[in-house]
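Structure file data.txt (compact mmCIF, C-alpha atoms) follows.
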```
# COMPACT_ATOMS: atom_id res chain seq x y z
CA MET A 1 23.60 -3.25 -10.85
CA ASP A 2 25.18 -6.70 -10.93
CA VAL A 3 22.69 -8.28 -8.49
CA SER A 4 19.32 -7.27 -7.07
CA GLY A 5 18.66 -7.07 -3.35
CA ALA A 6 16.27 -10.02 -3.50
CA VAL A 7 18.80 -12.23 -5.30
CA LEU A 8 21.49 -11.25 -2.78
CA ALA A 9 19.12 -12.03 0.11
CA ARG A 10 18.24 -15.43 -1.34
CA SER A 11 21.91 -16.39 -1.65
CA PHE A 12 22.71 -15.03 1.82
CA ALA A 13 19.88 -17.10 3.29
CA ALA A 14 20.75 -20.32 1.47
CA GLU A 15 24.51 -20.21 1.87
CA VAL A 16 24.95 -18.62 5.29
CA VAL A 17 21.91 -18.05 7.50
CA GLU A 18 19.92 -21.25 6.99
CA PRO A 19 22.90 -23.61 7.44
CA LEU A 20 23.80 -21.74 10.64
CA LEU A 21 20.25 -22.02 12.01
CA ASP A 22 20.02 -25.71 11.13
CA ARG A 23 23.28 -26.38 12.94
CA VAL A 24 22.68 -24.36 16.11
CA PHE A 25 18.87 -24.64 16.33
CA PRO A 26 17.98 -28.05 14.85
CA GLY A 27 14.24 -28.44 14.43
CA LEU A 28 13.56 -24.70 14.56
CA SER A 29 10.49 -23.70 12.56
CA TYR A 30 11.55 -20.61 10.65
CA ALA A 31 11.03 -18.68 7.44
CA THR A 32 13.62 -16.68 5.54
CA ALA A 33 12.43 -13.93 3.24
CA ARG A 34 13.10 -10.38 2.06
CA LEU A 35 10.21 -8.46 3.59
CA GLY A 36 9.78 -5.08 5.24
CA SER A 37 11.11 -1.81 3.89
CA GLY A 38 13.29 -1.23 0.86
CA SER A 39 12.78 -0.95 -2.88
CA ASP A 40 14.19 -4.46 -3.30
CA VAL A 41 11.15 -5.87 -1.48
CA LEU A 42 9.07 -4.63 -4.42
CA GLY A 43 11.70 -5.79 -6.90
CA LEU A 44 12.36 -2.17 -7.91
CA ASP A 45 15.86 -1.52 -6.57
CA ASP A 46 18.58 -0.28 -8.92
CA THR A 47 22.14 1.01 -8.68
CA MET A 48 21.02 4.15 -6.87
CA SER A 49 19.35 2.02 -4.20
CA ARG A 50 22.76 0.98 -2.91
CA ASP A 51 23.53 4.31 -1.25
CA HIS A 52 21.63 3.42 1.95
CA ASP A 53 19.75 0.54 3.62
CA TRP A 54 20.78 -1.92 0.89
CA GLY A 55 22.94 -5.00 1.19
CA CYS A 56 22.91 -8.28 3.10
CA ARG A 57 19.43 -7.76 4.51
CA LEU A 58 17.17 -10.68 5.36
CA THR A 59 13.93 -11.30 7.25
CA LEU A 60 13.99 -14.27 9.64
CA LEU A 61 10.61 -15.16 11.10
CA VAL A 62 9.83 -17.80 13.70
CA GLU A 63 6.80 -19.09 15.57
CA ASP A 64 5.48 -17.70 18.86
CA GLY A 65 7.61 -18.90 21.75
CA ALA A 66 10.84 -19.28 19.77
CA PRO A 67 14.00 -17.91 21.49
CA VAL A 68 14.26 -14.70 19.45
CA PRO A 69 16.89 -12.95 21.64
CA ARG A 70 19.06 -16.08 21.61
CA ILE A 71 18.79 -16.36 17.81
CA ILE A 72 19.82 -12.71 17.38
CA GLU A 73 22.77 -13.26 19.70
CA VAL A 74 23.96 -16.32 17.75
CA LEU A 75 23.64 -14.48 14.44
CA GLU A 76 25.67 -11.57 15.74
CA ARG A 77 28.40 -13.89 16.93
CA GLU A 78 28.49 -16.41 14.11
CA LEU A 79 27.75 -14.53 10.91
CA PRO A 80 30.79 -13.77 8.74
CA GLN A 81 32.10 -10.25 8.25
CA THR A 82 31.38 -10.26 4.53
CA PHE A 83 29.32 -12.15 1.98
CA GLN A 84 30.05 -12.02 -1.74
CA GLY A 85 32.38 -9.12 -1.06
CA ARG A 86 29.73 -7.08 0.77
CA PRO A 87 29.68 -6.24 4.49
CA VAL A 88 27.30 -8.29 6.59
CA ARG A 89 27.28 -5.69 9.37
CA PHE A 90 26.43 -2.12 8.37
CA PRO A 91 24.40 0.83 9.69
CA VAL A 92 20.94 1.66 8.40
CA THR A 93 18.89 4.84 8.68
CA TRP A 94 16.95 3.60 11.72
CA ASP A 95 19.97 2.08 13.52
CA ALA A 96 23.45 3.60 13.38
CA ALA A 97 25.04 0.54 14.97
CA ARG A 98 27.30 -1.54 12.73
CA THR A 99 25.46 -4.83 13.21
CA HIS A 100 23.90 -7.52 11.05
CA ASN A 101 20.61 -6.80 9.32
CA VAL A 102 18.89 -10.13 9.63
CA GLU A 103 15.63 -8.82 11.06
CA THR A 104 14.47 -11.53 13.46
CA ALA A 105 11.01 -11.73 15.01
CA THR A 106 8.00 -13.96 15.39
CA VAL A 107 5.60 -13.81 12.46
CA ARG A 108 3.02 -12.18 14.70
CA ASP A 109 5.37 -9.50 16.07
CA PHE A 110 6.70 -8.71 12.62
CA ALA A 111 3.18 -8.26 11.25
CA VAL A 112 2.06 -6.09 14.15
CA GLY A 113 5.20 -3.99 13.82
CA ARG A 114 4.35 -3.24 10.19
CA LEU A 115 0.57 -3.03 10.39
CA GLY A 116 -0.20 -1.86 13.91
CA VAL A 117 -2.73 -4.73 14.18
CA ASP A 118 -2.52 -8.53 14.36
CA PRO A 119 -3.78 -10.19 11.16
CA LEU A 120 -3.45 -13.66 12.66
CA GLY A 121 -6.18 -12.85 15.18
CA GLY A 122 -8.63 -11.69 12.53
CA LEU A 123 -9.06 -8.09 11.37
CA SER A 124 -11.99 -5.92 12.34
CA VAL A 125 -13.49 -3.26 10.04
CA VAL A 126 -11.45 -0.55 11.74
CA ASP A 127 -8.31 -2.70 11.54
CA TRP A 128 -8.71 -2.92 7.77
CA LEU A 129 -9.31 0.81 7.45
CA SER A 130 -6.18 1.61 9.48
CA LEU A 131 -3.92 -0.21 7.00
CA THR A 132 -1.98 1.40 4.18
CA GLY A 133 -1.12 -0.38 0.98
CA GLN A 134 2.58 0.04 1.67
CA SER A 135 2.29 -1.52 5.13
CA VAL A 136 0.58 -4.57 3.65
CA LEU A 137 3.11 -4.84 0.83
CA GLU A 138 5.92 -4.91 3.40
CA ILE A 139 4.49 -8.27 4.48
CA THR A 140 3.05 -9.66 1.25
CA ALA A 141 5.12 -8.35 -1.67
CA GLY A 142 8.61 -9.64 -0.98
CA PRO A 143 9.93 -13.11 -1.82
CA VAL A 144 9.88 -15.95 0.71
CA PHE A 145 12.84 -18.31 0.31
CA THR A 146 12.12 -20.99 2.92
CA ASP A 147 9.02 -21.36 5.07
CA ARG A 148 8.82 -23.97 7.79
CA THR A 149 6.34 -21.98 9.87
CA THR A 150 2.61 -22.55 10.12
CA THR A 151 1.79 -18.84 10.31
CA LEU A 152 3.60 -16.82 7.63
CA ALA A 153 1.59 -18.11 4.67
CA ARG A 154 -1.60 -17.72 6.69
CA CYS A 155 -0.63 -14.15 7.56
CA ARG A 156 0.06 -13.26 3.92
CA GLN A 157 -3.17 -14.89 2.78
CA ALA A 158 -5.18 -12.99 5.40
CA LEU A 159 -3.91 -9.74 3.90
CA ARG A 160 -4.67 -10.66 0.29
CA TRP A 161 -7.49 -8.11 -0.03
CA TYR A 162 -10.29 -6.26 1.75
CA PRO A 163 -13.49 -8.07 2.70
CA PRO A 164 -16.33 -7.19 0.27
CA ASP A 165 -18.08 -4.61 2.46
CA VAL A 166 -14.83 -2.84 3.31
CA GLU A 167 -13.87 -2.81 -0.37
CA ARG A 168 -17.19 -1.20 -1.33
CA TYR A 169 -16.72 1.42 1.37
CA VAL A 170 -13.18 2.28 0.21
CA LEU A 171 -14.35 2.45 -3.40
CA ALA A 172 -17.25 4.73 -2.47
CA ALA A 173 -14.83 7.04 -0.67
CA GLY A 174 -12.57 7.12 -3.72
CA TRP A 175 -15.42 8.13 -6.03
CA LYS A 176 -16.60 10.68 -3.47
CA ARG A 177 -13.19 12.36 -3.50
CA LEU A 178 -13.42 12.76 -7.28
CA ALA A 179 -16.95 14.12 -7.06
CA GLN A 180 -16.06 16.73 -4.46
CA GLN A 181 -13.34 18.48 -6.50
CA MET A 182 -13.89 17.68 -10.17
CA PRO A 183 -16.29 20.64 -10.80
CA PHE A 184 -13.64 23.11 -9.61
CA VAL A 185 -11.27 22.30 -12.49
CA GLY A 186 -13.28 24.58 -14.74
CA ARG A 187 -14.52 26.99 -12.11
CA THR A 188 -11.02 27.97 -10.98
CA ALA A 189 -9.70 28.31 -14.54
CA GLU A 190 -12.61 30.49 -15.64
CA ARG A 191 -11.91 32.81 -12.71
CA GLY A 192 -8.34 33.22 -13.96
CA ASP A 193 -6.74 30.80 -11.51
CA GLU A 194 -4.95 28.53 -13.96
CA LEU A 195 -2.48 27.38 -11.31
CA GLY A 196 -5.31 26.42 -8.98
CA SER A 197 -7.00 24.47 -11.78
CA ARG A 198 -3.82 22.56 -12.57
CA LEU A 199 -3.19 21.80 -8.90
CA LEU A 200 -6.69 20.36 -8.64
CA CYS A 201 -6.08 18.25 -11.74
CA ALA A 202 -2.92 16.82 -10.21
CA GLU A 203 -4.83 15.92 -7.03
CA LEU A 204 -7.64 14.37 -9.04
CA ALA A 205 -5.18 12.37 -11.14
CA ALA A 206 -3.73 10.96 -7.91
CA ASP A 207 -7.27 10.03 -6.80
CA VAL A 208 -7.84 8.27 -10.13
CA VAL A 209 -4.64 6.28 -9.59
CA SER A 210 -5.76 5.25 -6.09
CA LEU A 211 -9.18 4.23 -7.38
CA ALA A 212 -7.53 2.22 -10.16
CA PHE A 213 -5.49 0.27 -7.61
CA THR A 214 -8.60 -0.50 -5.55
CA LEU A 215 -10.66 -1.58 -8.55
CA SER A 216 -7.72 -3.76 -9.63
CA ARG A 217 -7.54 -5.28 -6.14
CA ARG A 218 -3.92 -4.31 -5.83
CA TRP A 219 -2.31 -2.71 -2.78
CA GLN A 220 -0.87 0.71 -3.52
CA PRO A 221 2.82 1.31 -2.67
CA TYR A 222 4.15 4.54 -1.23
CA ALA A 223 4.61 7.62 -3.39
CA LYS A 224 8.05 6.83 -4.82
CA TRP A 225 6.83 3.72 -6.62
CA ARG A 226 3.13 4.51 -7.07
CA GLY A 227 3.39 5.58 -10.71
CA THR A 228 5.75 2.75 -11.60
CA VAL A 229 3.45 0.06 -10.21
CA PHE A 230 0.33 1.83 -11.49
CA ALA A 231 1.67 1.47 -15.03
CA THR A 232 1.50 -2.34 -14.62
CA LEU A 233 -2.27 -2.33 -13.93
CA PRO A 234 -4.33 -3.50 -16.93
CA VAL A 235 -6.56 -0.42 -16.67
CA ALA A 236 -3.64 2.03 -16.73
CA ALA A 237 -3.44 2.06 -20.53
CA ARG A 238 -7.02 3.36 -20.65
CA LEU A 239 -6.36 6.31 -18.35
CA ASP A 240 -4.74 9.29 -20.07
CA LEU A 241 -3.53 10.95 -16.91
CA ARG A 242 -0.77 12.88 -18.65
CA ARG A 243 -3.51 14.83 -20.41
CA VAL A 244 -5.28 15.37 -17.08
CA VAL A 245 -2.27 17.20 -15.68
CA ALA A 246 -0.61 18.61 -18.81
CA ALA A 247 -3.30 19.67 -21.29
CA SER A 248 -3.21 23.40 -21.97
CA GLY A 249 -6.92 24.09 -21.51
CA TRP A 250 -9.20 23.21 -18.62
CA LYS A 251 -11.86 21.70 -20.89
CA GLU A 252 -9.39 19.17 -22.25
CA ARG A 253 -8.17 18.38 -18.76
CA GLU A 254 -11.76 17.90 -17.57
CA GLN A 255 -12.51 15.73 -20.61
CA ALA A 256 -9.54 13.51 -19.81
CA LEU A 257 -10.81 13.17 -16.24
CA ALA A 258 -14.28 12.30 -17.50
CA GLU A 259 -12.88 9.64 -19.83
CA ALA A 260 -10.79 8.19 -16.99
CA ALA A 261 -13.86 8.05 -14.75
CA GLU A 262 -15.86 6.19 -17.41
CA ALA A 263 -13.01 3.71 -17.90
CA LEU A 264 -12.87 3.05 -14.15
CA LEU A 265 -16.65 2.65 -13.99
CA ASP A 266 -16.38 0.09 -16.76
CA VAL A 267 -13.89 -1.90 -14.66
CA GLN A 268 -16.30 -1.65 -11.73
CA ARG A 269 -19.12 -2.94 -13.97
CA GLN A 270 -16.98 -5.86 -15.12
CA ARG A 271 -16.28 -6.68 -11.47
CA GLY A 272 -20.03 -7.14 -10.95
CA LEU A 273 -20.23 -4.21 -8.54
CA PRO A 274 -23.20 -1.79 -8.58
CA THR A 275 -22.73 0.61 -11.47
CA PRO A 276 -24.99 3.28 -13.03
CA ALA A 277 -25.03 3.86 -16.78
CA ARG A 278 -22.57 6.75 -16.64
CA ALA A 279 -19.91 7.94 -14.19
CA VAL A 280 -20.04 11.64 -15.08
CA THR A 281 -22.94 14.07 -14.93
CA PRO A 282 -23.38 17.88 -15.29
CA PHE A 283 -22.73 19.94 -12.18
CA TRP A 284 -26.01 21.78 -11.56
CA ASP A 285 -26.64 24.22 -14.43
CA ARG A 286 -22.97 25.17 -14.69
CA PRO A 287 -20.72 24.23 -17.63
CA TYR A 288 -18.74 21.75 -15.52
CA ARG A 289 -18.97 18.04 -14.78
CA THR A 290 -18.74 15.84 -11.73
CA ILE A 291 -19.22 12.23 -10.65
CA ASP A 292 -22.83 11.06 -10.58
CA GLU A 293 -23.85 10.57 -6.96
CA GLU A 294 -25.40 7.24 -7.96
CA VAL A 295 -21.89 5.79 -8.25
CA VAL A 296 -21.29 6.34 -4.54
CA ARG A 297 -24.86 5.63 -3.48
CA GLY A 298 -24.96 2.26 -5.25
CA LEU A 299 -21.80 1.03 -3.56
CA LEU A 300 -22.89 2.15 -0.10
CA ALA A 301 -26.35 0.59 -0.57
CA GLU A 302 -24.80 -2.87 -0.95
CA ILE A 303 -22.92 -2.71 2.36
CA ALA A 304 -24.55 -4.95 4.94
CA ASP A 305 -22.15 -4.47 7.88
CA PRO A 306 -23.78 -2.00 10.31
CA GLU A 307 -20.38 -0.89 11.60
CA ILE A 308 -19.49 0.37 8.12
CA ARG A 309 -22.93 1.72 7.30
CA ARG A 310 -22.73 4.19 10.20
CA LEU A 311 -19.47 5.72 8.91
CA PRO A 312 -19.26 8.77 6.65
CA PRO A 313 -17.64 7.93 3.27
CA ALA A 314 -14.14 8.88 4.38
CA GLY A 315 -12.52 5.57 3.47
CA SER A 316 -9.23 4.17 4.73
CA VAL A 317 -6.66 6.27 6.58
CA GLU A 318 -4.78 6.75 3.29
CA GLN A 319 -7.81 8.57 1.93
CA TRP A 320 -8.08 11.19 4.67
CA VAL A 321 -4.57 11.47 6.15
CA GLY A 322 -1.71 12.98 4.16
CA CYS A 323 1.14 13.16 6.66
CA VAL A 324 3.93 10.72 5.81
CA ASP A 325 5.14 10.61 9.42
CA VAL A 326 1.71 9.30 10.43
CA LEU A 327 1.00 6.98 7.53
CA SER A 328 4.43 5.33 7.66
CA HIS A 329 4.29 4.69 11.43
CA ALA A 330 2.24 1.69 12.54
CA GLY A 331 1.65 2.98 16.06
CA ARG A 332 0.50 6.41 14.93
CA ARG A 333 -1.80 4.89 12.35
CA ALA A 334 -3.30 2.62 14.98
CA SER A 335 -4.13 5.67 17.11
CA LEU A 336 -6.37 6.91 14.28
CA ARG A 337 -8.73 4.04 15.03
CA ASP A 338 -10.33 6.25 17.67
CA ALA A 339 -11.60 8.57 14.95
CA TYR A 340 -13.60 5.77 13.32
CA GLU A 341 -15.01 4.81 16.71
CA ARG A 342 -16.19 8.38 17.36
CA TRP A 343 -17.69 9.12 13.95
CA ASP A 344 -21.41 8.83 13.39
```

Could I get this file's structure written as structure tokens?
Amino acid sequence: MDVSGAVLARSFAAEVVEPLLDRVFPGLSYATARLGSGSDVLGLDDTMSRDHDWGCRLTLLVEDGAPVPRIIEVLERELPQTFQGRPVRFPVTWDAARTHNVETATVRDFAVGRLGVDPLGGLSVVDWLSLTGQSVLEITAGPVFTDRTTTLARCRQALRWYPPDVERYVLAAGWKRLAQQMPFVGRTAERGDELGSRLLCAELAADVVSLAFTLSRRWQPYAKWRGTVFATLPVAARLDLRRVVAASGWKEREQALAEAAEALLDVQRQRGLPTPARAVTPFWDRPYRTIDEEVVRGLLAEIADPEIRRLPPAGSVEQWVGCVDVLSHAGRRASLRDAYERWD
């Protein structure tokens, strides 16, 4: 690929969009960036990425009260047909119209459209739990080229990471998920269900990855790029997840899981979070292992917020919802808030 999407967006902003805005809307407080959806927002686009939703895309954000419809109208009328030999107007998967793809909105509306909640107004416990890592990355991961607003940087800073009590709750839920299924790796295999054992190992490996992101204080992208970004975490080199899913015998797979759990607990210890001596303990009198319940109990015991303390250790919506059509839709995710309100 001769140019990345982010580099193309930067040039498009500097050479075309910003001069046009400065001429037609002098004094307008705006930000240009490459935010939202697309592998190029994460800096991971390649030649294959060009087959859809790739090209002269840009995010244009303004302050509350700015004339958004008028700005969109001017862009549609004034933008050139091509830029650097690429079409400026082209259809995308969510809009078949051949129009420009300078997504224009107020900072607040853009954030709500991605998150389902307003980070500029302050996020409640349930707001935080209704977020996905991908939804946050669509606001915080991409490059900002020019920012004359007073709200975009504040919005991105507000989404930097969970508050301490929410983080402990999400971590506890992650460990709980491991504890609930780890003993079945051996149990299923010893009953002759090798496929079932391997499927469990794959699920547990995914839970280890999610826990690694949380302990690293990094937002987790959606499935396509999860493994790629996971490999950049400092702890990743200590987690032999290939052995978890590919070892021929269940005992070796369980051992790899146990070693991964101890490595993650070590990261938790280094973070100054409550940590028992060991992550893994025998499962009753059976020849299997699981996560020591003290790992979960210690994290939950340090949570002071009564709103969180009343919740079962289910975690964020990403930890108990698996449907892509729900997790990727801000409005549907927001509707899950009712579940947290009803739990006791």

Choose the residue, out of A:Tyr288, A:Trp175, A:Trp161, A:Trp128, that has the smallest atom-to-atom separation from Ala212 of chain A; count all atoms listed in the file.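 Residue with the minimum atom-to-atom distance to Ala212 of chain A: A:Trp175.
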
Nearest to Leu44 of chain A among A:Ala158, A:Val229, A:Leu28, A:Leu336, with distances taken over all atoms listed in the file: which residue is it?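 Of all the options, A:Val229 lies closest to Leu44 of chain A.
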
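Taking atom CA of Phe283 of chain A and atom CA of Phe184 of chain A as endpoints, the distance between them is 10.0 Å.
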
Contact table segment 89-109 of chain A vs segment 136-143 of chain A, cut-off 12 Å, shortest pair per residue, all atoms listed in the file, as a tab-separated table:
```
residue	atom	partner	partner_atom	distance
A:Val107	CA	A:Ile139	CA	9.8
A:Arg108	CA	A:Ile139	CA	11.0
A:Asp109	CA	A:Ile139	CA	11.7
```

Skip segment 254-269 of chain A itself and residues of its chain fewer than 2 positions away, then list as JSON, numbers by chain all residues within 9 Å of it, counting only C-alpha atoms. {"A": [175, 178, 182, 183, 185, 186, 201, 204, 205, 208, 211, 212, 215, 216, 235, 238, 239, 240, 241, 242, 243, 244, 247, 249, 250, 251, 252, 271, 272, 273, 274, 275, 276, 277, 278, 279, 280, 288, 289, 290, 291, 295]}

Can you work out which one of A:Val68, A:Ala97, A:Leu61, A:Val74 has the shortest atom-to-atom distance to Val24 of chain A, counting all atoms listed in the file? A:Val74
